[in-house]
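Novice: Enclosed is the structure file final.cif (mmCIF, C-alpha atoms).
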```cif
data_upload
#
loop_
_atom_site.label_atom_id
_atom_site.label_comp_id
_atom_site.auth_asym_id
_atom_site.auth_seq_id
_atom_site.Cartn_x
_atom_site.Cartn_y
_atom_site.Cartn_z
CA MET J 1 -8.32 26.36 2.00
CA ASP J 2 -10.03 24.77 5.01
CA VAL J 3 -9.24 21.39 6.53
CA VAL J 4 -12.18 19.96 8.48
CA LYS J 5 -11.68 16.90 10.66
CA LEU J 6 -14.65 14.55 10.84
CA GLY J 7 -14.97 11.82 13.45
CA GLU J 8 -17.25 8.81 13.32
CA PRO J 9 -20.66 8.84 11.59
CA PRO J 10 -23.13 10.42 11.67
CA TYR J 11 -21.05 13.20 10.14
CA ASP J 12 -21.69 16.88 10.61
CA ARG J 13 -24.38 17.80 8.10
CA HIS J 14 -23.24 21.40 7.77
CA THR J 15 -19.73 20.28 6.76
CA LEU J 16 -21.08 17.85 4.16
CA ASP J 17 -23.42 20.53 2.80
CA THR J 18 -20.50 22.96 2.55
CA ALA J 19 -18.42 20.42 0.64
CA ALA J 20 -21.32 19.66 -1.71
CA HIS J 21 -21.95 23.36 -2.37
CA ILE J 22 -18.27 23.91 -3.17
CA MET J 23 -18.44 21.25 -5.87
CA MET J 24 -21.73 22.63 -7.17
CA ARG J 25 -20.02 26.00 -7.61
CA GLY J 26 -17.13 24.47 -9.57
CA GLY J 27 -14.69 23.92 -6.72
CA VAL J 28 -12.35 21.00 -6.04
CA ILE J 29 -12.14 19.20 -2.70
CA ALA J 30 -10.24 16.25 -1.24
CA PHE J 31 -11.84 13.46 0.77
CA PRO J 32 -11.24 9.83 1.76
CA THR J 33 -12.73 7.02 -0.33
CA ASP J 34 -12.89 3.21 -0.06
CA THR J 35 -9.21 3.04 -0.88
CA LEU J 36 -7.18 6.25 -0.37
CA TYR J 37 -7.71 10.03 -0.46
CA GLY J 38 -9.10 11.46 -3.67
CA LEU J 39 -9.73 14.80 -5.34
CA GLY J 40 -13.33 15.45 -6.29
CA CYS J 41 -15.43 17.80 -8.41
CA SER J 42 -18.71 17.75 -10.30
CA LEU J 43 -18.81 15.50 -13.37
CA PHE J 44 -20.75 18.19 -15.23
CA ASP J 45 -18.30 21.05 -14.60
CA LEU J 46 -15.64 20.75 -17.28
CA GLY J 47 -13.63 23.64 -15.84
CA ALA J 48 -13.34 21.86 -12.50
CA VAL J 49 -12.45 18.57 -14.19
CA GLU J 50 -9.68 20.32 -16.11
CA LEU J 51 -8.43 21.87 -12.86
CA VAL J 52 -8.15 18.40 -11.30
CA ARG J 53 -6.21 17.28 -14.35
CA ARG J 54 -3.82 20.23 -14.07
CA LEU J 55 -3.37 19.85 -10.31
CA LYS J 56 -2.35 16.22 -10.79
CA ARG J 57 -0.31 16.95 -13.93
CA ARG J 58 -2.29 14.14 -15.48
CA ASP J 59 -2.09 13.00 -19.10
CA PRO J 60 -5.18 14.46 -20.84
CA HIS J 61 -5.80 11.13 -22.56
CA HIS J 62 -6.35 9.34 -19.22
CA ALA J 63 -10.00 9.26 -18.17
CA PHE J 64 -11.23 9.68 -14.61
CA ILE J 65 -13.44 7.46 -12.49
CA SER J 66 -16.70 9.03 -11.33
CA LEU J 67 -18.35 8.21 -8.02
CA ILE J 68 -22.12 7.93 -7.68
CA PRO J 69 -24.23 7.94 -4.49
CA GLU J 70 -26.60 5.15 -5.56
CA PRO J 71 -26.18 2.16 -7.91
CA SER J 72 -29.37 3.18 -9.74
CA GLN J 73 -27.62 6.25 -11.17
CA VAL J 74 -25.74 3.98 -13.57
CA ASP J 75 -28.85 3.95 -15.77
CA GLY J 76 -28.64 7.68 -16.40
CA LEU J 77 -24.91 7.74 -17.12
CA ALA J 78 -24.33 4.50 -19.06
CA LEU J 79 -25.76 4.03 -22.55
CA ALA J 80 -26.53 0.37 -21.80
CA VAL J 81 -26.16 -1.95 -18.81
CA SER J 82 -25.93 -5.65 -19.66
CA PRO J 83 -27.41 -8.44 -17.48
CA VAL J 84 -23.94 -9.48 -16.33
CA ALA J 85 -23.16 -5.87 -15.41
CA ARG J 86 -26.36 -5.71 -13.36
CA ARG J 87 -25.38 -8.92 -11.56
CA VAL J 88 -21.96 -7.47 -10.76
CA ILE J 89 -23.52 -4.21 -9.57
CA GLN J 90 -25.95 -6.07 -7.33
CA HIS J 91 -23.10 -7.84 -5.53
CA GLY J 92 -20.29 -5.28 -5.83
CA TRP J 93 -21.88 -1.89 -5.18
CA PRO J 94 -21.44 -0.14 -2.87
CA GLY J 95 -17.82 -1.22 -2.75
CA PRO J 96 -14.32 -0.94 -4.26
CA LEU J 97 -15.38 -1.94 -7.77
CA SER J 98 -15.13 0.32 -10.83
CA LEU J 99 -17.01 -0.49 -14.04
CA ILE J 100 -16.51 1.00 -17.50
CA PHE J 101 -19.53 1.60 -19.73
CA THR J 102 -20.28 3.38 -22.99
CA ALA J 103 -21.28 6.86 -21.84
CA ALA J 104 -24.83 8.13 -22.24
CA GLU J 105 -25.40 11.34 -24.17
CA ILE J 106 -25.74 13.36 -20.96
CA VAL J 107 -22.07 12.73 -20.06
CA PRO J 108 -19.92 15.66 -21.26
CA HIS J 109 -17.42 14.72 -23.96
CA GLY J 110 -14.65 16.32 -21.96
CA VAL J 111 -14.88 13.68 -19.22
CA ARG J 112 -15.36 10.64 -21.44
CA GLY J 113 -12.62 8.15 -22.19
CA GLU J 114 -11.09 7.98 -25.66
CA ARG J 115 -13.66 5.36 -26.71
CA GLY J 116 -16.58 7.44 -25.45
CA THR J 117 -16.71 5.63 -22.13
CA ILE J 118 -17.36 6.46 -18.51
CA ALA J 119 -15.95 4.62 -15.48
CA LEU J 120 -18.24 4.48 -12.44
CA ARG J 121 -17.98 3.37 -8.82
CA CYS J 122 -20.46 3.49 -5.94
CA PRO J 123 -18.26 3.73 -2.82
CA LYS J 124 -18.97 1.97 0.46
CA ASP J 125 -16.79 4.20 2.65
CA PRO J 126 -19.21 5.93 5.06
CA LEU J 127 -17.71 9.41 4.66
CA SER J 128 -17.50 9.46 0.86
CA HIS J 129 -20.95 7.84 0.62
CA SER J 130 -22.43 10.51 2.94
CA LEU J 131 -20.79 13.26 0.90
CA LEU J 132 -22.14 11.88 -2.36
CA GLN J 133 -25.61 11.61 -0.84
CA ARG J 134 -25.49 15.32 0.03
CA PHE J 135 -24.19 16.22 -3.44
CA GLY J 136 -26.77 14.02 -5.11
CA GLY J 137 -24.97 13.26 -8.36
CA PRO J 138 -21.79 11.99 -9.97
CA VAL J 139 -18.43 13.28 -8.72
CA VAL J 140 -15.26 12.94 -10.78
CA SER J 141 -12.64 11.46 -8.47
CA SER J 142 -8.93 10.82 -8.82
CA SER J 143 -6.32 9.83 -6.26
CA ALA J 144 -4.90 12.80 -4.36
CA ASN J 145 -1.37 12.79 -5.72
CA LEU J 146 0.74 14.07 -8.56
CA SER J 147 0.66 11.58 -11.44
CA GLY J 148 3.27 8.90 -10.91
CA GLN J 149 3.67 9.66 -7.20
CA PRO J 150 2.30 7.61 -4.26
CA PRO J 151 -1.33 8.44 -3.43
CA ALA J 152 -2.06 10.39 -0.26
CA GLU J 153 -3.15 8.26 2.70
CA THR J 154 -3.87 11.15 5.09
CA ALA J 155 -5.28 14.65 4.96
CA GLU J 156 -1.86 15.97 5.95
CA GLU J 157 -0.31 14.40 2.85
CA VAL J 158 -3.01 15.97 0.69
CA VAL J 159 -2.23 19.41 2.11
CA ALA J 160 1.51 18.88 1.68
CA THR J 161 0.97 18.08 -2.01
CA PHE J 162 -1.69 20.59 -3.04
CA GLY J 163 -1.75 23.28 -0.34
CA ASN J 164 -4.12 26.17 -1.06
CA GLN J 165 -4.92 24.95 -4.57
CA LEU J 166 -7.90 23.06 -3.12
CA ASP J 167 -11.08 24.61 -1.72
CA LEU J 168 -11.60 22.10 1.10
CA VAL J 169 -10.05 18.96 2.58
CA LEU J 170 -12.25 16.57 4.55
CA ASP J 171 -10.08 14.76 7.10
CA GLY J 172 -11.62 11.35 7.76
CA GLY J 173 -8.51 9.85 9.32
CA PRO J 174 -5.83 7.72 7.63
CA ARG J 175 -6.52 5.35 4.75
CA ARG J 176 -3.32 3.36 5.00
CA GLY J 177 -2.33 0.55 2.67
CA GLY J 178 -5.42 0.97 0.57
CA VAL J 179 -5.85 -1.53 -2.25
CA PRO J 180 -7.11 -0.02 -5.53
CA SER J 181 -10.60 -0.77 -6.74
CA THR J 182 -11.14 -3.67 -9.11
CA LEU J 183 -11.65 -2.39 -12.68
CA VAL J 184 -13.83 -4.13 -15.29
CA ASP J 185 -14.65 -3.00 -18.82
CA MET J 186 -18.32 -3.75 -19.57
CA THR J 187 -18.49 -2.18 -23.03
CA GLY J 188 -17.96 -5.30 -25.14
CA SER J 189 -19.73 -8.60 -25.66
CA LYS J 190 -17.63 -10.08 -22.84
CA PRO J 191 -16.42 -8.31 -19.69
CA LYS J 192 -12.72 -7.48 -19.55
CA LEU J 193 -10.96 -7.58 -16.20
CA LEU J 194 -8.46 -4.73 -16.40
CA ARG J 195 -7.29 -4.58 -12.77
CA GLN J 196 -7.73 -7.01 -9.90
CA GLY J 197 -8.17 -4.92 -6.78
CA ALA J 198 -9.99 -5.08 -3.48
CA PHE J 199 -13.15 -6.80 -4.80
CA ASP J 200 -13.08 -10.37 -6.17
CA VAL J 201 -15.34 -10.00 -9.18
CA LYS J 202 -14.31 -13.13 -11.13
CA PRO J 203 -17.06 -15.45 -9.80
CA LEU J 204 -19.69 -12.98 -11.07
CA LEU J 205 -18.41 -12.38 -14.59
CA GLY J 206 -19.16 -15.68 -16.31
CA GLU J 207 -17.07 -15.83 -19.49
CA PHE J 208 -14.62 -12.92 -19.48
CA GLU J 209 -11.22 -11.77 -20.72
CA ASP J 210 -8.54 -11.50 -18.04
CA LEU J 211 -6.23 -8.72 -19.17
CA THR J 212 -4.41 -8.62 -15.84
CA LYS J 213 -2.17 -11.49 -16.99
CA ARG J 214 -0.83 -9.74 -20.09
#
```
Represent the structure from my file as structure tokens, please.

Specialist:
Amino acid sequence: MDVVKLGEPPYDRHTLDTAAHIMMRGGVIAFPTDTLYGLGCSLFDLGAVELVRRLKRRDPHHAFISLIPEPSQVDGLALAVSPVARRVIQHGWPGPLSLIFTAAEIVPHGVRGERGTIALRCPKDPLSHSLLQRFGGPVVSSSANLSGQPPAETAEEVVATFGNQLDLVLDGGPRRGGVPSTLVDMTGSKPKLLRQGAFDVKPLLGEFEDLTKR
């Protein structure tokens, strides 16, 4: 496993290309996101997705969030995008906002939620955004930690947890005290706010169900 330290943007193109090629070949990497460090692999490689699940010791019934390089990719991965969802996307992406949609047919069943859903986020963090641009498509991402343990805030913590089980760690510096992304379910007739995180989405939702108070 290699650990590559990246400074300020513009990032080394060769390093980003290497990371993208690793995921294209079915590998798993770690990199910083808007919030904390995450593990990443191709959405379309079910073997890699299962490896992420095993590395984290994650409940198989828990779905992952997938990161996309451009907001427009939602139209290929979601079966339908409502007007309110488009308004939220316009104001919240790129940014720490995750939205749940009914998955389009192209999304492998092995990465869908139990209700046939997909959760998407377009990150604003310069490093993760640059990586996704080089990869060009959706990347399954999950916090770099064992399930139930605190998420990694530094590359050193990622290495201490996973060691040589990963193919590459991109060190973009610490992501300390990161607040989780806001999570909204867009699959029903009204949006459902599932988690209030770093993005204040309430003014954009219109009539919605606030499940954070239950």

Novice: Which residues would end up in the selection if the PyMOL selection byres ((chain J and resi 190) around 7) were applied here, given that I need the answer as a list in words?

Specialist: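 For this structure, the PyMOL selection byres ((chain J and resi 190) around 7) resolves to Gly188, Ser189, Pro191, Lys192, Glu207, Phe208 and Glu209 of chain J.
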
Novice: Given 6 Å on each side, where is the centre and what are the edge lengths in Å to one decimal of the axis-aligned box enclosing the listed atoms of segment 46-59 of chain J, as AutoDock Vina command-line options?

Specialist:
```
--center_x -8.0 --center_y 18.3 --center_z -14.7 --size_x 27.3 --size_y 22.6 --size_z 20.8
```

Novice: Can you tell me which residues surround Gly92 of chain J at a distance of at most 12 Å, considering only C-alpha atoms, apart from same-chain residues fewer than 2 positions away, and format the answer as a ChimeraX atom specification?

Specialist: /J:71,84-90,94-99,120-124,181-184,198-205

Novice: Run the PyMOL selection byres ((chain J and resi 166-177) around 9) against the file shown and list the residues it catches, as an NGL selection string.

Specialist: :J and (1-8 or 15-16 or 19 or 22 or 27-37 or 39 or 127 or 152-156 or 158-159 or 162-165 or 178-179)

Novice: Pull C-alpha atoms from the residues just selected and write them as an mmCIF file, in the frame of the given file.

Specialist:
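File result.cif, as written:
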```cif
data_model
loop_
_atom_site.group_PDB
_atom_site.id
_atom_site.type_symbol
_atom_site.label_atom_id
_atom_site.label_comp_id
_atom_site.auth_asym_id
_atom_site.auth_seq_id
_atom_site.Cartn_x
_atom_site.Cartn_y
_atom_site.Cartn_z
ATOM 1 C CA MET J 1 -8.320 26.360 2.000
ATOM 2 C CA ASP J 2 -10.030 24.770 5.010
ATOM 3 C CA VAL J 3 -9.240 21.390 6.530
ATOM 4 C CA VAL J 4 -12.180 19.960 8.480
ATOM 5 C CA LYS J 5 -11.680 16.900 10.660
ATOM 6 C CA LEU J 6 -14.650 14.550 10.840
ATOM 7 C CA GLY J 7 -14.970 11.820 13.450
ATOM 8 C CA GLU J 8 -17.250 8.810 13.320
ATOM 9 C CA THR J 15 -19.730 20.280 6.760
ATOM 10 C CA LEU J 16 -21.080 17.850 4.160
ATOM 11 C CA ALA J 19 -18.420 20.420 0.640
ATOM 12 C CA ILE J 22 -18.270 23.910 -3.170
ATOM 13 C CA GLY J 27 -14.690 23.920 -6.720
ATOM 14 C CA VAL J 28 -12.350 21.000 -6.040
ATOM 15 C CA ILE J 29 -12.140 19.200 -2.700
ATOM 16 C CA ALA J 30 -10.240 16.250 -1.240
ATOM 17 C CA PHE J 31 -11.840 13.460 0.770
ATOM 18 C CA PRO J 32 -11.240 9.830 1.760
ATOM 19 C CA THR J 33 -12.730 7.020 -0.330
ATOM 20 C CA ASP J 34 -12.890 3.210 -0.060
ATOM 21 C CA THR J 35 -9.210 3.040 -0.880
ATOM 22 C CA LEU J 36 -7.180 6.250 -0.370
ATOM 23 C CA TYR J 37 -7.710 10.030 -0.460
ATOM 24 C CA LEU J 39 -9.730 14.800 -5.340
ATOM 25 C CA LEU J 127 -17.710 9.410 4.660
ATOM 26 C CA ALA J 152 -2.060 10.390 -0.260
ATOM 27 C CA GLU J 153 -3.150 8.260 2.700
ATOM 28 C CA THR J 154 -3.870 11.150 5.090
ATOM 29 C CA ALA J 155 -5.280 14.650 4.960
ATOM 30 C CA GLU J 156 -1.860 15.970 5.950
ATOM 31 C CA VAL J 158 -3.010 15.970 0.690
ATOM 32 C CA VAL J 159 -2.230 19.410 2.110
ATOM 33 C CA PHE J 162 -1.690 20.590 -3.040
ATOM 34 C CA GLY J 163 -1.750 23.280 -0.340
ATOM 35 C CA ASN J 164 -4.120 26.170 -1.060
ATOM 36 C CA GLN J 165 -4.920 24.950 -4.570
ATOM 37 C CA GLY J 178 -5.420 0.970 0.570
ATOM 38 C CA VAL J 179 -5.850 -1.530 -2.250
#
```

Novice: What's around Ser66 of chain J at 12 Å? Count only C-alpha atoms, leave out sequence neighbours fewer than 3 positions away in its own chain, and write the answer as a CSV table (one decimal) with C-alpha atoms, keeping the file's coordinate frame.

Specialist:
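Just written: part25.csv:
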```
chain,number,residue,atom,x,y,z
J,33,THR,CA,-12.7,7.0,-0.3
J,38,GLY,CA,-9.1,11.5,-3.7
J,39,LEU,CA,-9.7,14.8,-5.3
J,40,GLY,CA,-13.3,15.4,-6.3
J,41,CYS,CA,-15.4,17.8,-8.4
J,42,SER,CA,-18.7,17.8,-10.3
J,43,LEU,CA,-18.8,15.5,-13.4
J,44,PHE,CA,-20.8,18.2,-15.2
J,49,VAL,CA,-12.4,18.6,-14.2
J,63,ALA,CA,-10.0,9.3,-18.2
J,69,PRO,CA,-24.2,7.9,-4.5
J,73,GLN,CA,-27.6,6.2,-11.2
J,74,VAL,CA,-25.7,4.0,-13.6
J,77,LEU,CA,-24.9,7.7,-17.1
J,78,ALA,CA,-24.3,4.5,-19.1
J,97,LEU,CA,-15.4,-1.9,-7.8
J,98,SER,CA,-15.1,0.3,-10.8
J,99,LEU,CA,-17.0,-0.5,-14.0
J,100,ILE,CA,-16.5,1.0,-17.5
J,101,PHE,CA,-19.5,1.6,-19.7
J,103,ALA,CA,-21.3,6.9,-21.8
J,107,VAL,CA,-22.1,12.7,-20.1
J,111,VAL,CA,-14.9,13.7,-19.2
J,112,ARG,CA,-15.4,10.6,-21.4
J,113,GLY,CA,-12.6,8.2,-22.2
J,117,THR,CA,-16.7,5.6,-22.1
J,118,ILE,CA,-17.4,6.5,-18.5
J,119,ALA,CA,-16.0,4.6,-15.5
J,120,LEU,CA,-18.2,4.5,-12.4
J,121,ARG,CA,-18.0,3.4,-8.8
J,122,CYS,CA,-20.5,3.5,-5.9
J,123,PRO,CA,-18.3,3.7,-2.8
J,132,LEU,CA,-22.1,11.9,-2.4
J,137,GLY,CA,-25.0,13.3,-8.4
J,138,PRO,CA,-21.8,12.0,-10.0
J,139,VAL,CA,-18.4,13.3,-8.7
J,140,VAL,CA,-15.3,12.9,-10.8
J,141,SER,CA,-12.6,11.5,-8.5
J,142,SER,CA,-8.9,10.8,-8.8
J,143,SER,CA,-6.3,9.8,-6.3
```

Novice: Rounded to one decimal, what separation in Å do you get between atom CA of Glu114 of chain J and atom CA of Ile65 of chain J?

Specialist: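 Between these atoms lies a distance of 13.4 Å.
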
Novice: Find the distance between atom CA of Pro60 of chain J and atom CA of His129 of chain J and write it in Å to one decimal.

Specialist: 27.4 Å

Novice: Find, counting all atoms listed in the file, the residue in J:Ser130, J:Arg57, J:Arg115, J:Gly206 that gets nearest to Ala144 of chain J.

Specialist: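 Closest candidate: J:Arg57.
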